[in-house]
$ cat target07.tsv   # TSV, N, CA and C atoms
chain	number	residue	atom	x	y	z
A	1	MET	N	93.70	3.83	147.92
A	1	MET	CA	95.11	3.67	147.64
A	1	MET	C	95.90	4.33	148.76
A	2	THR	N	96.82	3.58	149.32
A	2	THR	CA	97.70	4.16	150.33
A	2	THR	C	98.93	4.71	149.61
A	3	GLU	N	99.65	5.55	150.31
A	3	GLU	CA	100.87	6.12	149.72
A	3	GLU	C	101.91	5.03	149.46
A	4	VAL	N	101.98	4.04	150.32
A	4	VAL	CA	102.91	2.91	150.13
A	4	VAL	C	102.54	2.13	148.86
A	5	GLU	N	101.25	1.86	148.67
A	5	GLU	CA	100.79	1.16	147.46
A	5	GLU	C	101.09	1.97	146.21
A	6	PHE	N	100.86	3.27	146.29
A	6	PHE	CA	101.12	4.14	145.16
A	6	PHE	C	102.60	4.11	144.78
A	7	HIS	N	103.48	4.28	145.77
A	7	HIS	CA	104.92	4.27	145.50
A	7	HIS	C	105.37	2.92	144.91
A	8	ALA	N	104.84	1.84	145.42
A	8	ALA	CA	105.19	0.51	144.89
A	8	ALA	C	104.75	0.39	143.43
A	9	TYR	N	103.55	0.84	143.13
A	9	TYR	CA	103.04	0.79	141.75
A	9	TYR	C	103.94	1.63	140.83
A	10	ILE	N	104.26	2.85	141.25
A	10	ILE	CA	105.08	3.74	140.42
A	10	ILE	C	106.46	3.14	140.21
A	11	GLN	N	107.06	2.57	141.24
A	11	GLN	CA	108.40	1.99	141.08
A	11	GLN	C	108.41	0.89	140.02
A	12	LYS	N	107.32	0.14	139.90
A	12	LYS	CA	107.24	-0.90	138.87
A	12	LYS	C	107.13	-0.29	137.47
A	13	GLN	N	106.65	0.95	137.39
A	13	GLN	CA	106.46	1.60	136.08
A	13	GLN	C	107.71	2.35	135.60
A	14	ILE	N	108.56	2.76	136.54
A	14	ILE	CA	109.74	3.55	136.18
A	14	ILE	C	110.57	2.81	135.13
A	15	GLY	N	110.92	3.54	134.09
A	15	GLY	CA	111.76	2.98	133.03
A	15	GLY	C	111.00	2.34	131.89
A	16	LYS	N	109.69	2.12	132.04
A	16	LYS	CA	108.93	1.55	130.93
A	16	LYS	C	108.96	2.54	129.76
A	17	PRO	N	109.18	2.06	128.56
A	17	PRO	CA	109.34	2.97	127.42
A	17	PRO	C	108.05	3.65	127.00
A	18	PHE	N	108.22	4.83	126.43
A	18	PHE	CA	107.11	5.59	125.87
A	18	PHE	C	106.62	4.93	124.60
A	19	LYS	N	105.30	4.89	124.42
A	19	LYS	CA	104.71	4.41	123.17
A	19	LYS	C	103.35	5.07	123.02
A	20	TRP	N	103.16	5.79	121.92
A	20	TRP	CA	101.88	6.44	121.66
A	20	TRP	C	100.75	5.42	121.72
A	21	GLY	N	99.70	5.75	122.45
A	21	GLY	CA	98.52	4.91	122.53
A	21	GLY	C	98.63	3.72	123.46
A	22	ASP	N	99.79	3.52	124.07
A	22	ASP	CA	99.97	2.41	124.99
A	22	ASP	C	100.61	2.86	126.30
A	23	ASN	N	101.65	3.66	126.21
A	23	ASN	CA	102.32	4.17	127.40
A	23	ASN	C	102.77	5.60	127.14
A	24	ASP	N	101.79	6.48	127.00
A	24	ASP	CA	102.06	7.92	126.89
A	24	ASP	C	101.46	8.57	128.14
A	25	CYS	N	101.49	9.88	128.22
A	25	CYS	CA	101.04	10.50	129.48
A	25	CYS	C	99.57	10.22	129.78
A	26	ASN	N	98.72	10.14	128.76
A	26	ASN	CA	97.30	9.88	129.02
A	26	ASN	C	97.03	8.42	129.37
A	27	THR	N	97.56	7.49	128.59
A	27	THR	CA	97.30	6.08	128.87
A	27	THR	C	97.93	5.66	130.20
A	28	PHE	N	99.07	6.25	130.55
A	28	PHE	CA	99.70	5.97	131.84
A	28	PHE	C	98.76	6.33	132.99
A	29	ILE	N	98.18	7.53	132.90
A	29	ILE	CA	97.25	7.99	133.95
A	29	ILE	C	96.03	7.07	134.01
A	30	LEU	N	95.45	6.78	132.86
A	30	LEU	CA	94.23	5.96	132.83
A	30	LEU	C	94.48	4.56	133.38
A	31	LYS	N	95.60	3.95	133.03
A	31	LYS	CA	95.93	2.62	133.56
A	31	LYS	C	96.12	2.68	135.07
A	32	MET	N	96.74	3.75	135.56
A	32	MET	CA	96.95	3.90	137.00
A	32	MET	C	95.59	4.03	137.71
A	33	VAL	N	94.70	4.84	137.17
A	33	VAL	CA	93.38	5.01	137.76
A	33	VAL	C	92.64	3.67	137.77
A	34	ASP	N	92.69	2.95	136.66
A	34	ASP	CA	92.03	1.64	136.59
A	34	ASP	C	92.59	0.68	137.63
A	35	TYR	N	93.90	0.68	137.79
A	35	TYR	CA	94.56	-0.22	138.74
A	35	TYR	C	94.08	0.03	140.16
A	36	PHE	N	94.03	1.30	140.56
A	36	PHE	CA	93.70	1.62	141.94
A	36	PHE	C	92.21	1.68	142.23
A	37	TYR	N	91.41	1.97	141.22
A	37	TYR	CA	89.98	2.17	141.48
A	37	TYR	C	89.08	1.12	140.83
A	38	GLY	N	89.68	0.17	140.12
A	38	GLY	CA	88.88	-0.89	139.52
A	38	GLY	C	87.99	-0.42	138.39
A	39	THR	N	88.37	0.68	137.75
A	39	THR	CA	87.61	1.22	136.63
A	39	THR	C	88.15	0.65	135.32
A	40	ASP	N	87.57	1.06	134.20
A	40	ASP	CA	88.05	0.57	132.91
A	40	ASP	C	88.19	1.71	131.89
A	41	TYR	N	88.67	2.85	132.36
A	41	TYR	CA	88.86	4.01	131.48
A	41	TYR	C	89.83	3.73	130.34
A	42	ALA	N	90.90	3.01	130.62
A	42	ALA	CA	91.95	2.81	129.62
A	42	ALA	C	91.49	1.98	128.43
A	43	GLU	N	90.51	1.11	128.63
A	43	GLU	CA	90.13	0.21	127.53
A	43	GLU	C	89.59	0.96	126.31
A	44	ASP	N	89.03	2.15	126.51
A	44	ASP	CA	88.53	2.94	125.39
A	44	ASP	C	89.63	3.73	124.68
A	45	ILE	N	90.79	3.83	125.29
A	45	ILE	CA	91.85	4.69	124.77
A	45	ILE	C	93.04	3.90	124.23
A	46	VAL	N	93.50	2.91	125.01
A	46	VAL	CA	94.70	2.16	124.64
A	46	VAL	C	94.52	1.53	123.26
A	47	GLY	N	95.52	1.77	122.41
A	47	GLY	CA	95.52	1.20	121.06
A	47	GLY	C	94.74	2.00	120.03
A	48	GLN	N	94.18	3.14	120.42
A	48	GLN	CA	93.36	3.93	119.50
A	48	GLN	C	94.17	4.90	118.65
A	49	TYR	N	95.44	5.07	118.95
A	49	TYR	CA	96.32	5.93	118.16
A	49	TYR	C	97.75	5.43	118.29
A	50	ASP	N	98.60	5.80	117.35
A	50	ASP	CA	99.97	5.29	117.37
A	50	ASP	C	101.02	6.33	116.99
A	51	SER	N	100.63	7.59	116.98
A	51	SER	CA	101.55	8.69	116.68
A	51	SER	C	101.01	9.96	117.32
A	52	LYS	N	101.83	10.99	117.36
A	52	LYS	CA	101.37	12.26	117.91
A	52	LYS	C	100.20	12.80	117.08
A	53	LYS	N	100.31	12.67	115.78
A	53	LYS	CA	99.27	13.17	114.88
A	53	LYS	C	97.93	12.45	115.13
A	54	SER	N	97.97	11.13	115.22
A	54	SER	CA	96.72	10.40	115.45
A	54	SER	C	96.22	10.61	116.88
A	55	ALA	N	97.13	10.87	117.83
A	55	ALA	CA	96.72	11.18	119.21
A	55	ALA	C	95.95	12.50	119.25
A	56	LEU	N	96.41	13.47	118.49
A	56	LEU	CA	95.72	14.76	118.43
A	56	LEU	C	94.33	14.61	117.82
A	57	ARG	N	94.23	13.84	116.75
A	57	ARG	CA	92.91	13.59	116.14
A	57	ARG	C	91.98	12.91	117.14
A	58	PHE	N	92.51	11.91	117.84
A	58	PHE	CA	91.71	11.18	118.82
A	58	PHE	C	91.27	12.10	119.96
A	59	ALA	N	92.18	12.95	120.43
A	59	ALA	CA	91.86	13.87	121.53
A	59	ALA	C	90.78	14.86	121.12
A	60	LYS	N	90.77	15.28	119.88
A	60	LYS	CA	89.72	16.19	119.42
A	60	LYS	C	88.35	15.53	119.48
A	61	ARG	N	88.32	14.21	119.26
A	61	ARG	CA	87.05	13.48	119.32
A	61	ARG	C	86.55	13.27	120.74
A	62	ILE	N	87.45	12.90	121.66
A	62	ILE	CA	86.99	12.54	123.01
A	62	ILE	C	87.27	13.59	124.07
A	63	GLY	N	88.10	14.58	123.76
A	63	GLY	CA	88.47	15.57	124.76
A	63	GLY	C	89.75	15.16	125.48
A	64	ASN	N	90.04	15.85	126.57
A	64	ASN	CA	91.25	15.52	127.34
A	64	ASN	C	90.87	14.85	128.66
A	65	LEU	N	91.85	14.59	129.49
A	65	LEU	CA	91.57	13.89	130.74
A	65	LEU	C	90.57	14.62	131.62
A	66	ARG	N	90.57	15.95	131.55
A	66	ARG	CA	89.61	16.71	132.36
A	66	ARG	C	88.18	16.43	131.92
A	67	ASP	N	88.01	16.09	130.66
A	67	ASP	CA	86.68	15.76	130.14
A	67	ASP	C	86.32	14.31	130.39
A	68	TYR	N	87.32	13.47	130.49
A	68	TYR	CA	87.12	12.02	130.50
A	68	TYR	C	87.03	11.42	131.90
A	69	LEU	N	87.78	11.95	132.84
A	69	LEU	CA	87.81	11.41	134.21
A	69	LEU	C	86.99	12.27	135.16
A	70	PRO	N	86.48	11.67	136.25
A	70	PRO	CA	85.77	12.46	137.25
A	70	PRO	C	86.77	13.22	138.12
A	71	LEU	N	87.16	14.40	137.68
A	71	LEU	CA	88.19	15.19	138.37
A	71	LEU	C	87.59	16.47	138.93
A	72	ARG	N	88.18	16.92	139.99
A	72	ARG	CA	87.84	18.26	140.47
A	72	ARG	C	89.16	19.01	140.66
A	73	ARG	N	89.13	20.27	140.30
A	73	ARG	CA	90.33	21.09	140.41
A	73	ARG	C	90.60	21.41	141.87
A	74	ILE	N	91.86	21.38	142.24
A	74	ILE	CA	92.25	21.68	143.62
A	74	ILE	C	93.27	22.81	143.60
A	75	PRO	N	93.40	23.54	144.70
A	75	PRO	CA	94.41	24.60	144.74
A	75	PRO	C	95.81	24.04	144.54
A	76	ARG	N	96.63	24.81	143.88
A	76	ARG	CA	97.98	24.39	143.51
A	76	ARG	C	98.78	23.87	144.70
A	77	ASN	N	98.68	24.55	145.83
A	77	ASN	CA	99.48	24.15	147.00
A	77	ASN	C	98.86	23.02	147.81
A	78	HIS	N	97.75	22.44	147.35
A	78	HIS	CA	97.11	21.33	148.04
A	78	HIS	C	97.37	19.98	147.39
A	79	ALA	N	98.18	19.95	146.34
A	79	ALA	CA	98.44	18.69	145.64
A	79	ALA	C	99.11	17.69	146.57
A	80	GLN	N	98.62	16.46	146.50
A	80	GLN	CA	99.16	15.37	147.31
A	80	GLN	C	99.60	14.24	146.38
A	81	THR	N	100.34	13.31	146.93
A	81	THR	CA	100.75	12.14	146.18
A	81	THR	C	99.53	11.47	145.56
A	82	GLY	N	99.61	11.23	144.25
A	82	GLY	CA	98.51	10.59	143.53
A	82	GLY	C	97.63	11.56	142.77
A	83	ASP	N	97.70	12.85	143.09
A	83	ASP	CA	96.91	13.84	142.34
A	83	ASP	C	97.48	14.02	140.95
A	84	LEU	N	96.65	14.44	140.02
A	84	LEU	CA	97.08	14.65	138.65
A	84	LEU	C	97.53	16.08	138.45
A	85	ILE	N	98.54	16.23	137.62
A	85	ILE	CA	99.07	17.54	137.26
A	85	ILE	C	98.95	17.66	135.75
A	86	LEU	N	98.20	18.64	135.29
A	86	LEU	CA	98.04	18.84	133.86
A	86	LEU	C	98.78	20.12	133.49
A	87	VAL	N	99.76	19.98	132.61
A	87	VAL	CA	100.56	21.12	132.16
A	87	VAL	C	100.04	21.53	130.79
A	88	LYS	N	99.57	22.76	130.70
A	88	LYS	CA	99.01	23.26	129.45
A	88	LYS	C	100.13	23.48	128.44
A	89	ASP	N	99.95	22.92	127.28
A	89	ASP	CA	100.91	23.02	126.18
A	89	ASP	C	100.20	23.73	125.03
A	90	LYS	N	100.95	24.12	124.01
A	90	LYS	CA	100.33	24.76	122.85
A	90	LYS	C	99.35	23.84	122.17
A	91	VAL	N	99.62	22.55	122.19
A	91	VAL	CA	98.80	21.58	121.46
A	91	VAL	C	97.77	20.91	122.37
A	92	PHE	N	98.21	20.34	123.48
A	92	PHE	CA	97.29	19.71	124.43
A	92	PHE	C	97.90	19.68	125.81
A	93	ASP	N	97.11	19.28	126.79
A	93	ASP	CA	97.61	19.17	128.16
A	93	ASP	C	98.47	17.93	128.30
A	94	MET	N	99.60	18.09	128.98
A	94	MET	CA	100.44	16.94	129.30
A	94	MET	C	100.12	16.52	130.72
A	95	ALA	N	99.91	15.23	130.93
A	95	ALA	CA	99.47	14.72	132.22
A	95	ALA	C	100.63	14.09	132.99
A	96	HIS	N	100.67	14.38	134.28
A	96	HIS	CA	101.69	13.86	135.19
A	96	HIS	C	100.98	13.48	136.49
A	97	VAL	N	101.71	12.80	137.36
A	97	VAL	CA	101.17	12.43	138.67
A	97	VAL	C	102.06	13.00	139.76
A	98	CYS	N	101.45	13.59	140.76
A	98	CYS	CA	102.19	14.17	141.88
A	98	CYS	C	102.75	13.06	142.77
A	99	MET	N	104.01	13.23	143.14
A	99	MET	CA	104.67	12.35	144.11
A	99	MET	C	105.42	13.22	145.10
A	100	GLY	N	104.67	13.91	145.94
A	100	GLY	CA	105.28	14.83	146.89
A	100	GLY	C	105.87	16.02	146.18
A	101	SER	N	107.18	16.23	146.30
A	101	SER	CA	107.83	17.37	145.65
A	101	SER	C	108.26	17.04	144.22
A	102	LYS	N	107.96	15.84	143.77
A	102	LYS	CA	108.30	15.43	142.40
A	102	LYS	C	107.02	15.06	141.65
A	103	MET	N	107.20	14.78	140.37
A	103	MET	CA	106.08	14.29	139.58
A	103	MET	C	106.57	13.14	138.72
A	104	VAL	N	105.65	12.25	138.39
A	104	VAL	CA	105.95	11.11	137.52
A	104	VAL	C	105.39	11.46	136.15
A	105	SER	N	106.25	11.30	135.15
A	105	SER	CA	105.90	11.64	133.78
A	105	SER	C	106.26	10.51	132.85
A	106	VAL	N	105.67	10.54	131.65
A	106	VAL	CA	106.07	9.61	130.60
A	106	VAL	C	106.70	10.46	129.51
A	107	ASP	N	108.02	10.40	129.44
A	107	ASP	CA	108.80	11.20	128.50
A	107	ASP	C	109.04	10.40	127.22
A	108	GLU	N	108.97	11.07	126.07
A	108	GLU	CA	109.13	10.38	124.79
A	108	GLU	C	110.49	9.69	124.65
A	109	THR	N	111.53	10.24	125.26
A	109	THR	CA	112.86	9.61	125.14
A	109	THR	C	113.24	8.76	126.34
A	110	MET	N	112.77	9.12	127.54
A	110	MET	CA	113.19	8.41	128.75
A	110	MET	C	112.15	7.43	129.29
A	111	GLY	N	110.93	7.45	128.75
A	111	GLY	CA	109.88	6.60	129.27
A	111	GLY	C	109.34	7.15	130.59
A	112	VAL	N	108.92	6.27	131.49
A	112	VAL	CA	108.35	6.69	132.77
A	112	VAL	C	109.49	7.11	133.69
A	113	VAL	N	109.42	8.36	134.15
A	113	VAL	CA	110.48	8.94	134.98
A	113	VAL	C	109.89	9.78	136.10
A	114	GLN	N	110.69	10.00	137.13
A	114	GLN	CA	110.37	10.98	138.17
A	114	GLN	C	111.15	12.24	137.86
A	115	LEU	N	110.47	13.37	137.90
A	115	LEU	CA	111.09	14.65	137.60
A	115	LEU	C	110.75	15.66	138.70
A	116	PRO	N	111.53	16.74	138.79
A	116	PRO	CA	111.15	17.79	139.74
A	116	PRO	C	109.80	18.38	139.34
A	117	MET	N	109.05	18.85	140.30
A	117	MET	CA	107.75	19.48	140.05
A	117	MET	C	107.97	20.71	139.17
A	118	VAL	N	107.06	20.95	138.25
A	118	VAL	CA	107.18	22.09	137.35
A	118	VAL	C	106.32	23.25	137.83
A	119	ASP	N	106.70	24.43	137.40
A	119	ASP	CA	105.88	25.62	137.61
A	119	ASP	C	105.34	26.02	136.25
A	120	GLY	N	104.52	27.01	136.22
A	120	GLY	CA	103.98	27.48	134.95
A	120	GLY	C	102.47	27.33	134.92
A	121	ASP	N	101.94	27.19	133.73
A	121	ASP	CA	100.50	27.12	133.53
A	121	ASP	C	100.03	25.70	133.81
A	122	ILE	N	99.92	25.37	135.09
A	122	ILE	CA	99.57	24.00	135.47
A	122	ILE	C	98.31	23.99	136.32
A	123	TYR	N	97.64	22.87	136.27
A	123	TYR	CA	96.42	22.67	137.05
A	123	TYR	C	96.60	21.38	137.82
A	124	ARG	N	96.09	21.36	139.01
A	124	ARG	CA	96.14	20.14	139.81
A	124	ARG	C	94.72	19.64	140.00
A	125	TRP	N	94.58	18.34	139.88
A	125	TRP	CA	93.25	17.73	139.90
A	125	TRP	C	93.26	16.52	140.81
A	126	ARG	N	92.16	16.29	141.45
A	126	ARG	CA	91.99	15.11	142.30
A	126	ARG	C	90.84	14.29	141.74
A	127	LEU	N	91.05	12.98	141.72
A	127	LEU	CA	89.98	12.09	141.29
A	127	LEU	C	88.81	12.23	142.26
A	128	TRP	N	87.65	12.26	141.71
A	128	TRP	CA	86.45	12.47	142.51
A	128	TRP	C	85.63	11.20	142.48
A	129	HIS	N	85.86	10.33	143.45
A	129	HIS	CA	85.10	9.08	143.54
A	129	HIS	C	84.14	9.18	144.71
A	130	GLN	N	82.88	8.89	144.44
A	130	GLN	CA	81.87	9.02	145.50
A	130	GLN	C	81.59	7.69	146.13
$ encode --input "target07.tsv" --output "structure tokens"
Amino acid sequence: MTEVEFHAYIQKQIGKPFKWGDNDCNTFILKMVDYFYGTDYAEDIVGQYDSKKSALRFAKRIGNLRDYLPLRRIPRNHAQTGDLILVKDKVFDMAHVCMGSKMVSVDETMGVVQLPMVDGDIYRWRLWHQ
């Protein structure tokens, strides 16, 4: 994936509405990975839950993105466009994608948006494809 391809893909996603199990932070990431790497991670997840409550039950069964995708943790200051940003929450990790000094998120009220990069209890991950 080139940076130009990534930006074009993200621009097509901006504004798409949030929907549990179809366009939430996890399904957004999985669909993006499938698009760029020809994988099929999203097919096991999309449509498996339809509320926050059922998403939590589902996550307890399969784990989070760190368990599901071939990721390796990278130093915080090494994040590049396309890397994943996982923000630790009281309930579960919220997943975002790095876009330089910003991040792409799927917000429950605004849908897919670009936001300023966050600080706090965050981890940065890079897909590990061999």
$ residues_around --input "target07.tsv" --residues "Tyr41 of chain A" --least-positions-apart "3" --cutoff "6.5 Å" --atoms "only N, CA and C atoms" --output "short mmCIF file (atom, residue, chain, number, x, y, z; two decimals) with N, CA and C atoms, in the coordinates of the input"
data_model
loop_
_atom_site.label_atom_id
_atom_site.label_comp_id
_atom_site.auth_asym_id
_atom_site.auth_seq_id
_atom_site.Cartn_x
_atom_site.Cartn_y
_atom_site.Cartn_z
N LEU A 30 95.45 6.78 132.86
CA LEU A 30 94.23 5.96 132.83
C LEU A 30 94.48 4.56 133.38
N LYS A 31 95.60 3.95 133.03
CA LYS A 31 95.93 2.62 133.56
C LYS A 31 96.12 2.68 135.07
N ASP A 34 92.69 2.95 136.66
CA ASP A 34 92.03 1.64 136.59
C ASP A 34 92.59 0.68 137.63
N ASP A 44 89.03 2.15 126.51
CA ASP A 44 88.53 2.94 125.39
C ASP A 44 89.63 3.73 124.68
N ILE A 45 90.79 3.83 125.29
CA ILE A 45 91.85 4.69 124.77
C ILE A 45 93.04 3.90 124.23
#
$ closest_atom_pairs --input "target07.tsv" --of "segment 59-118 of chain A" --to "segment 7-15 of chain A" --cutoff "7 Å" --atoms "all atoms listed in the file" --output "JSON lines"
{"residue": "A:Met110", "atom": "C", "partner": "A:Gly15", "partner_atom": "CA", "distance": 5.8}
{"residue": "A:Gly111", "atom": "CA", "partner": "A:Gly15", "partner_atom": "C", "distance": 5.1}
{"residue": "A:Val112", "atom": "C", "partner": "A:Gly15", "partner_atom": "N", "distance": 3.9}
{"residue": "A:Val113", "atom": "N", "partner": "A:Gly15", "partner_atom": "N", "distance": 5.0}
{"residue": "A:Gln114", "atom": "N", "partner": "A:Ile14", "partner_atom": "CA", "distance": 6.6}
$ write_last_selection --input "target07.tsv" --atoms "N, CA and C atoms" --output "short mmCIF file (atom, residue, chain, number, x, y, z; two decimals), in the coordinates of the input"
data_model
loop_
_atom_site.label_atom_id
_atom_site.label_comp_id
_atom_site.auth_asym_id
_atom_site.auth_seq_id
_atom_site.Cartn_x
_atom_site.Cartn_y
_atom_site.Cartn_z
N MET A 110 112.77 9.12 127.54
CA MET A 110 113.19 8.41 128.75
C MET A 110 112.15 7.43 129.29
N GLY A 111 110.93 7.45 128.75
CA GLY A 111 109.88 6.60 129.27
C GLY A 111 109.34 7.15 130.59
N VAL A 112 108.92 6.27 131.49
CA VAL A 112 108.35 6.69 132.77
C VAL A 112 109.49 7.11 133.69
N VAL A 113 109.42 8.36 134.15
CA VAL A 113 110.48 8.94 134.98
C VAL A 113 109.89 9.78 136.10
N GLN A 114 110.69 10.00 137.13
CA GLN A 114 110.37 10.98 138.17
C GLN A 114 111.15 12.24 137.86
#
$ closest_residue --input "target07.tsv" --among "A:Gly21, A:Pro116, A:Arg126, A:Met103" --to "Arg73 of chain A" --atoms "all atoms listed in the file"
A:Arg126
$ select_by_dssp --input "target07.tsv" --residues "chain A" --states "helix (DSSP H, G or I)" --output "PyMOL selection string"
chain A and resi 3-13+25-37+41-44+52-62+65-68+76-78
$ atom_distance --input "target07.tsv" --atom1 "atom N of Met99 of chain A" --atom2 "atom N of Arg61 of chain A"
28.6 Å
$ atom_distance --input "target07.tsv" --atom1 "atom C of Pro75 of chain A" --atom2 "atom C of Lys88 of chain A"
16.7 Å
$ closest_residue --input "target07.tsv" --among "A:Met1, A:Lys16, A:Leu115, A:Asp22" --to "Tyr35 of chain A" --atoms "only C-alpha atoms"
A:Met1
$ residues_around --input "target07.tsv" --residues "Thr109 of chain A" --least-positions-apart "3" --cutoff "10 Å" --atoms "only C-alpha atoms" --output "ChimeraX atom specification"
/A:17-19,106,112
$ closest_residue --input "target07.tsv" --among "A:Ala95, A:Val4, A:Val118, A:Val87" --to "Phe28 of chain A" --atoms "all atoms listed in the file"
A:Ala95
$ select_by_dssp --input "target07.tsv" --residues "segment 21-113 of chain A" --states "strand (DSSP E or B)" --output "PyMOL selection string"
chain A and resi 23+71-74+84-87+94-99+102-107+111-113
$ decode --input "target07.tsv" --residues "segment 65-77 of chain A" --atoms "N, CA and C atoms" --output "PDB file, in the first residue's frame"
ATOM      1  N   LEU A  65      -8.206  -6.894  18.557  1.00  0.00           N
ATOM      2  CA  LEU A  65      -7.421  -6.867  17.322  1.00  0.00           C
ATOM      3  C   LEU A  65      -5.991  -7.354  17.523  1.00  0.00           C
ATOM      4  N   ARG A  66      -5.439  -7.111  18.709  1.00  0.00           N
ATOM      5  CA  ARG A  66      -4.071  -7.578  18.965  1.00  0.00           C
ATOM      6  C   ARG A  66      -3.999  -9.100  18.947  1.00  0.00           C
ATOM      7  N   ASP A  67      -5.095  -9.749  19.287  1.00  0.00           N
ATOM      8  CA  ASP A  67      -5.138 -11.210  19.269  1.00  0.00           C
ATOM      9  C   ASP A  67      -5.473 -11.743  17.884  1.00  0.00           C
ATOM     10  N   TYR A  68      -6.167 -10.956  17.104  1.00  0.00           N
ATOM     11  CA  TYR A  68      -6.753 -11.422  15.848  1.00  0.00           C
ATOM     12  C   TYR A  68      -5.875 -11.158  14.628  1.00  0.00           C
ATOM     13  N   LEU A  69      -5.167 -10.047  14.612  1.00  0.00           N
ATOM     14  CA  LEU A  69      -4.338  -9.670  13.458  1.00  0.00           C
ATOM     15  C   LEU A  69      -2.861  -9.937  13.730  1.00  0.00           C
ATOM     16  N   PRO A  70      -2.076 -10.164  12.669  1.00  0.00           N
ATOM     17  CA  PRO A  70      -0.632 -10.332  12.855  1.00  0.00           C
ATOM     18  C   PRO A  70       0.024  -8.965  13.063  1.00  0.00           C
ATOM     19  N   LEU A  71       0.065  -8.519  14.311  1.00  0.00           N
ATOM     20  CA  LEU A  71       0.579  -7.189  14.641  1.00  0.00           C
ATOM     21  C   LEU A  71       1.846  -7.306  15.471  1.00  0.00           C
ATOM     22  N   ARG A  72       2.678  -6.317  15.330  1.00  0.00           N
ATOM     23  CA  ARG A  72       3.810  -6.199  16.245  1.00  0.00           C
ATOM     24  C   ARG A  72       3.796  -4.777  16.793  1.00  0.00           C
ATOM     25  N   ARG A  73       4.099  -4.672  18.064  1.00  0.00           N
ATOM     26  CA  ARG A  73       4.095  -3.367  18.720  1.00  0.00           C
ATOM     27  C   ARG A  73       5.309  -2.575  18.257  1.00  0.00           C
ATOM     28  N   ILE A  74       5.103  -1.292  18.038  1.00  0.00           N
ATOM     29  CA  ILE A  74       6.193  -0.415  17.610  1.00  0.00           C
ATOM     30  C   ILE A  74       6.299   0.743  18.590  1.00  0.00           C
ATOM     31  N   PRO A  75       7.463   1.378  18.674  1.00  0.00           N
ATOM     32  CA  PRO A  75       7.598   2.529  19.567  1.00  0.00           C
ATOM     33  C   PRO A  75       6.627   3.643  19.173  1.00  0.00           C
ATOM     34  N   ARG A  76       6.143   4.324  20.165  1.00  0.00           N
ATOM     35  CA  ARG A  76       5.136   5.368  19.985  1.00  0.00           C
ATOM     36  C   ARG A  76       5.537   6.405  18.936  1.00  0.00           C
ATOM     37  N   ASN A  77       6.788   6.813  18.952  1.00  0.00           N
ATOM     38  CA  ASN A  77       7.231   7.867  18.022  1.00  0.00           C
ATOM     39  C   ASN A  77       7.589   7.339  16.639  1.00  0.00           C
TER      40      ASN A  77
END
